[in-house]
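**Q** Please find data_21.cif (mmCIF, C-alpha atoms) on the next line:
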data_protein
#
loop_
_atom_site.group_PDB
_atom_site.id
_atom_site.type_symbol
_atom_site.label_atom_id
_atom_site.label_comp_id
_atom_site.auth_asym_id
_atom_site.auth_seq_id
_atom_site.Cartn_x
_atom_site.Cartn_y
_atom_site.Cartn_z
ATOM 1 C CA MET A 247 -22.969 116.777 -49.098
ATOM 2 C CA ASN A 248 -23.536 113.332 -47.584
ATOM 3 C CA MET A 249 -24.737 114.933 -44.352
ATOM 4 C CA LEU A 250 -27.226 117.120 -46.251
ATOM 5 C CA GLY A 251 -28.665 114.033 -47.949
ATOM 6 C CA SER A 252 -28.951 112.273 -44.616
ATOM 7 C CA VAL A 253 -30.783 115.220 -43.076
ATOM 8 C CA PHE A 254 -33.141 115.371 -46.070
ATOM 9 C CA ARG A 255 -33.950 111.647 -45.726
ATOM 10 C CA GLU A 256 -34.645 112.073 -42.012
ATOM 11 C CA VAL A 257 -36.989 115.015 -42.603
ATOM 12 C CA LEU A 258 -38.753 113.123 -45.402
ATOM 13 C CA GLY A 259 -39.080 110.138 -43.079
ATOM 14 C CA LEU A 260 -41.010 112.296 -40.626
ATOM 15 C CA PHE A 261 -43.724 112.818 -43.228
ATOM 16 C CA VAL A 262 -43.638 109.453 -45.008
ATOM 17 C CA ASP A 263 -42.801 106.914 -42.334
ATOM 18 C CA ASP A 264 -45.095 104.243 -43.700
ATOM 19 C CA GLY A 265 -45.262 104.114 -47.486
ATOM 20 C CA ALA A 266 -48.456 102.038 -47.545
ATOM 21 C CA LEU A 267 -50.252 104.500 -45.270
ATOM 22 C CA ALA A 268 -49.196 107.418 -47.465
ATOM 23 C CA LEU A 269 -50.398 105.653 -50.633
ATOM 24 C CA GLU A 270 -53.734 104.784 -49.066
ATOM 25 C CA ILE A 271 -54.286 108.378 -47.943
ATOM 26 C CA VAL A 272 -53.408 109.631 -51.427
ATOM 27 C CA ALA A 273 -55.955 107.172 -52.850
ATOM 28 C CA VAL A 274 -58.640 108.499 -50.471
ATOM 29 C CA VAL A 275 -57.832 112.088 -51.449
ATOM 30 C CA VAL A 276 -57.998 111.212 -55.158
ATOM 31 C CA LEU A 277 -61.325 109.447 -54.638
ATOM 32 C CA ALA A 278 -62.717 112.475 -52.785
ATOM 33 C CA GLY A 279 -61.451 114.775 -55.537
ATOM 34 C CA MET A 280 -63.108 112.662 -58.220
ATOM 35 C CA CYS A 281 -66.331 112.713 -56.224
ATOM 36 C CA ALA A 282 -66.150 116.499 -55.891
ATOM 37 C CA LYS A 283 -65.687 116.863 -59.657
ATOM 38 C CA LEU A 284 -68.366 114.347 -60.648
ATOM 39 C CA ILE A 285 -70.967 115.434 -58.083
ATOM 40 C CA PRO A 286 -70.401 119.159 -57.484
ATOM 41 C CA ASP A 287 -73.933 119.619 -56.116
ATOM 42 C CA VAL A 288 -73.154 117.424 -53.081
ATOM 43 C CA PRO A 289 -69.945 118.793 -51.524
ATOM 44 C CA LEU A 290 -70.603 116.943 -48.274
ATOM 45 C CA ALA A 291 -70.063 113.652 -50.113
ATOM 46 C CA ALA A 292 -66.428 114.505 -50.791
ATOM 47 C CA GLY A 293 -66.011 115.636 -47.190
ATOM 48 C CA ALA A 294 -67.531 112.417 -45.908
ATOM 49 C CA ILE A 295 -65.205 110.387 -48.123
ATOM 50 C CA LEU A 296 -62.223 112.321 -46.787
ATOM 51 C CA LEU A 297 -63.269 111.980 -43.159
ATOM 52 C CA CYS A 298 -64.357 108.343 -43.203
ATOM 53 C CA GLY A 299 -61.649 107.263 -45.627
ATOM 54 C CA CYS A 300 -58.756 108.821 -43.715
ATOM 55 C CA LEU A 301 -60.070 107.573 -40.376
ATOM 56 C CA GLY A 302 -60.596 104.101 -41.822
ATOM 57 C CA VAL A 303 -57.106 103.998 -43.313
ATOM 58 C CA LEU A 304 -55.605 105.176 -40.037
ATOM 59 C CA LEU A 305 -57.515 102.628 -37.944
ATOM 60 C CA ALA A 306 -56.608 99.819 -40.340
ATOM 61 C CA ASN A 307 -52.955 100.820 -40.200
ATOM 62 C CA VAL A 308 -52.962 100.935 -36.395
ATOM 63 C CA ALA A 309 -54.677 97.535 -36.219
ATOM 64 C CA GLN A 310 -52.138 96.068 -38.637
ATOM 65 C CA ALA A 311 -49.237 97.497 -36.637
ATOM 66 C CA ARG A 312 -50.713 96.067 -33.442
ATOM 67 C CA MET A 313 -51.081 92.628 -35.019
ATOM 68 C CA ASP A 314 -47.508 92.781 -36.310
ATOM 69 C CA ASN A 315 -46.282 93.854 -32.893
ATOM 70 C CA ASP A 316 -48.202 91.067 -31.101
ATOM 71 C CA HIS A 317 -46.580 88.401 -33.265
ATOM 72 C CA THR A 318 -43.053 89.603 -32.573
ATOM 73 C CA ILE A 319 -43.333 89.317 -28.775
#
Mind turning the file's structure into structure tokens?

**A**
Amino acid sequence: MNMLGSVFREVLGLFVDDGALALEIVAVVVLAGMCAKLIPDVPLAAGAILLCGCLGVLLANVAQARMDNDHTI
């Protein structure tokens, strides 16, 4: 049973390696969903929020990881 739990944690870690990144992406998705519900006549707005938000979160996370990595060397 302990091995099954370990395997489950490893598989979960593949999808949620960085908790902050996952939370930020969930926030972007929620924001895009709210936009889609509040402004149904402009579906491209929700798409733009998803695209720009996810790319922005990813770039910010990469920049933060690079800064963290530069300080450890």

**Q** Could you tell me how far atom CA of Lys283 of chain A sits from atom CA of Val303 of chain A, in Å to one decimal place?

**A** 22.5 Å

**Q** What residues come out when you apply the PyMOL selection byres ((chain A and resi 295-302) around 7) to this file, written as number ranges by chain?

**A** A: 271, 274-275, 278, 291-294, 303-306

**Q** Atom CA of Val272 of chain A and atom CA of Val308 of chain A, how far apart in Å?

**A**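 For atom CA of Val308 of chain A relative to atom CA of Val272 of chain A, the distance reads 17.4 Å.
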
**Q** If I take atom CA of Ala273 of chain A and atom CA of Gly259 of chain A, how far is one from the other in Å, to one decimal?

**A**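 Answer for the atom CA of Ala273 of chain A to atom CA of Gly259 of chain A separation: 19.7 Å.
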
**Q** Between A:Leu267, A:Leu290, A:Cys281, A:Val276, which one has atoms that come closest to Asn307 of chain A, using only C-alpha atoms?

**A**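 Comparing A:Leu267, A:Leu290, A:Cys281, A:Val276 against Asn307 of chain A, the winner is A:Leu267.
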
**Q** Return the padded bounding box of segment 287-303 of chain A as lines of an AutoDock Vina configuration file: axis-aligned, built from all atoms listed in the file, 8 Å added on each side, with centre and edge lengths in Å to one decimal.

**A**
center_x = -65.5
center_y = 111.8
center_z = -48.2
size_x = 32.8
size_y = 31.6
size_z = 31.7
